[in-house]
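Student: Next up is a structure, given as structure tokens.
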Amino acid sequence: MIEPHAPAPPGTTPPWAGPARLPVRPGTGRFLVLTCVFVCASCGLVYELQLVALATYLIGDSVTQASVVLSVMVFAMGIGSLAAKRLRWRAAAAFGAVEAALALVGGCSAMALYAVFAWTGDWGGLWVSGPRCLLVAFSLAIGLLIGAEVPLLMELIQRIRRQDAGGAVADLFAADYVGALVGGLAFPFLLLPLLGQLTGALLTGTVNLIAGGALVLGLFGRDLTRRARWFLLLTNVAVFAVLATAAVLVDDFERAARHAVYGQDVRVALQSDVQEIVLTGGTGGRPLDLFLDGRLRVSGRDEYRYHEALVHPAMNGPHARVLILGGGDGLAAREVLRYEGVHRVDIVEIDEEVVRLARRDPALARLNGHVYGDPRVHVRTADAFHWLRGAPPATYDVVIADLPDPGITASTKLYSQEFYGLARQTLADGGRLAVHAGPVASRPRVFWTVDTTMRAAGLRTAPYRVGGRDSGFAAGPDRSAGASRAPHDWGFVLAAPGERPALRLDPAGPRPRTMTQATLAADARAAARGRVEGLPASTLVHPRY
């Protein structure tokens, strides 16, 4: 509880602590304490960011995960600060113990979270919520330890040289906030791209441990009892051994966890600037699967159903110039190039590594028909939304949005009214826009929100669906739902400015393997039976997914 007290006069020494016996001058000691504050603040923010990033990848919905981590951590910091009041009598020893615990918990948090996801994600029952519960537990524990740092550091800096409370707080928070800035910038620009989440967290824990241990044992060691010195030394050595061992084994751990998630056929696993990319199968008669950030984006068992349904209805009409938004795997372009009269295909893909694999990986290139060797295909590496803002108007006969599901927070802007308004401007007279709008049966409100949003952008729509989706694997955020609850269909919306587009196949075009005019009409009627009325449109500032 919060203890009421009267403020002490400036310069008053508290009864529980005399001046610290330092091996350096007081000015140097203050500098070392503030440097430790800077380092600890950097490490604390890295722990926070890596929890948000890993939870977004494993659980999905970055807004929800960021809100959970931040709110729980800030709450716990307050509790930790109150609890630290009881430890001020032995501030140096308490701070050393807190930093050792924080280095262990924060450094190992990413591996623990990934392990629970990988090895318990398919168990069902209470284990379905395992990653979410562990995320809250780590946020709470790290927040408690971070919250305990500031009162203890305040006591240590005051023991070096007493000063007014306002000045001490200003010095301490200045170092803390600057450290948070450095940690916040280091995570996305250095740690994540160079080391990855697991190794980056372990390195952060090691730096945290060294900073805390060096400050306490090196600067305040004379104020510690012999037992406290040995306890902190052995604790730091043990934590360092754990972190070092984990760092040595992290590659084997990640490989085993990846196999637990994706199976034993992992051929390619890399982290691009945008996402994690994993390819499995594609050799020895095994179907190829492409995963992006843990989500199954392409399955060689059924991808032709998806891409034929997305592309073929849109190609009924003029189709000399085609724009594909997303679709860096080249599979939508494969279907487009089956039509005669296609003069140019522009692909706008945000991740150049996906395009590189689609060009060079033998199995993926074979699946897409080596489309990137066709001179009519041109690739732009850019975010689809920003590229559309500068796209020439009235240029394309067909625009195909081959994008991730609208329920993923990162893609919400690609399903907004503003996005469809930009796409509409690129359509020539008689042009059509085809959009992948997520599963119909399992997420009807999301699907019909896409339809409503497109109509709000001035487009006339023709929604439809196609079944036969292989649901044997539901990766990433969908994995915890279990295969039985995974989507069993795909939903699409064909749209055009002016008149409602005719939902039929080009009679002179190539025949899809499974789709006919009769099945397309039946799929449209099946989708219409589940229509949800009265849904608001989704915009950039008010997303509805």
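By convention in this document, the chains of the structure tokens carry letters A, B, ... by their order, each chain's residues are numbered from 1, and ligands are numbered from 1 in the order they are shown.
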Can you tell me which residues surround Val379 of chain A at a distance of at most 10 Å, considering only C-alpha atoms, apart from same-chain residues fewer than 6 positions away, and format the answer as a PDB file with C-alpha atoms, in the first residue's frame?
Tutor:
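Output (part-v1.pdb):
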ATOM      1  CA  ILE A 324      -1.759  -7.707 -59.483  1.00  0.00           C
ATOM      2  CA  GLY A 328       4.602 -12.152 -55.464  1.00  0.00           C
ATOM      3  CA  VAL A 345       1.151  -7.685 -66.191  1.00  0.00           C
ATOM      4  CA  ASP A 346       2.361  -5.428 -63.366  1.00  0.00           C
ATOM      5  CA  ILE A 347       2.932  -7.113 -59.983  1.00  0.00           C
ATOM      6  CA  VAL A 348       3.234  -4.905 -56.883  1.00  0.00           C
ATOM      7  CA  GLU A 349       4.765  -7.005 -54.080  1.00  0.00           C
ATOM      8  CA  GLU A 352      11.327  -8.804 -52.715  1.00  0.00           C
ATOM      9  CA  VAL A 355       9.681 -12.649 -55.641  1.00  0.00           C
ATOM     10  CA  TYR A 372       8.999 -14.212 -64.149  1.00  0.00           C
TER      11      TYR A 372
END
Student: Could you pull the residues within 10 Å of segment 411-428 of chain A, counting only C-alpha atoms, minus those fewer than 5 positions along the same chain, as an MDAnalysis selection string?
Tutor: chainID A and resid 318 321:323 325 383:401 403:406 433 435:437 449:459 495:497 537:545
Student: Need the shell around Gly184 of chain A: protein/DNA/RNA residues with any atom at most 12 Å away, counting only C-alpha atoms. Skip same-chain ones fewer than 5 positions apart. Format as a list in words?
Tutor: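 The residues satisfying every condition are Ala41, Ser42, Cys43, Gly44, Leu45, Val46, Tyr47, Glu48, Leu49, Gln50, Tyr177, Val178, Gly179, Phe189, Leu190, Leu191 and Leu192 of chain A.
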Student: Between A:Gln517, A:His312, A:Asp251, A:Gly534, which is the closest to Leu494 of chain A once you count only C-alpha atoms?
Tutor: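 Closest to Leu494 of chain A, using only C-alpha atoms: A:His312.
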Student: When you look at Val440 of chain A with a cut-off of 8 Å (counting only C-alpha atoms), what residues show up, excluding the ones that are within fewer than 3 positions of it in the same chain? I need them as a ChimeraX atom specification.
Tutor: /A:443-444,447,465,489-491,527
Student: Which one of A:Ala174, A:Leu234, A:Ala246, A:Val52 sits closest to Cys108 of chain A if you count only C-alpha atoms?
Tutor: A:Ala246
Student: Could you give me the residues within segment 297-525 of chain A that DSSP places in strand (DSSP E or B), as a PyMOL selection string?
Tutor: chain A and resi 297-299+321-326+344-349+377-381+396-402+427-438+459-467+489-497
Student: For Leu331 of chain A, which residue among A:Gly78, A:Gly106, A:Gly300, A:Gly509 is the nearest when counting only C-alpha atoms?
Tutor: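 Of A:Gly78, A:Gly106, A:Gly300, A:Gly509, the one nearest Leu331 of chain A, counting only C-alpha atoms, is A:Gly300.
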Student: Return as a count of residues only the full set of residues in segment 255-497 of chain A whose backbone-based DSSP assignment is alpha helix (DSSP H).
Tutor: 67
Student: When you draw a straight line from atom CA of Arg258 of chain A to atom CA of Val278 of chain A, how long is it in Å?
Tutor: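 So the two atoms, atom CA of Arg258 of chain A and atom CA of Val278 of chain A, lie 9.3 Å apart.
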Student: Env of Cys36 of chain A: 7 Å cut, atoms = only C-alpha atoms, seq-sep filter 4 positions within chain, self excluded. Answer as a ChimeraX atom specification.
Tutor: /A:32,40,211-212
Student: Kindly give the distance, in Å, that separates atom CA of Phe187 of chain A and atom CA of Ala238 of chain A, rounded to a single decimal.
Tutor: 26.0 Å
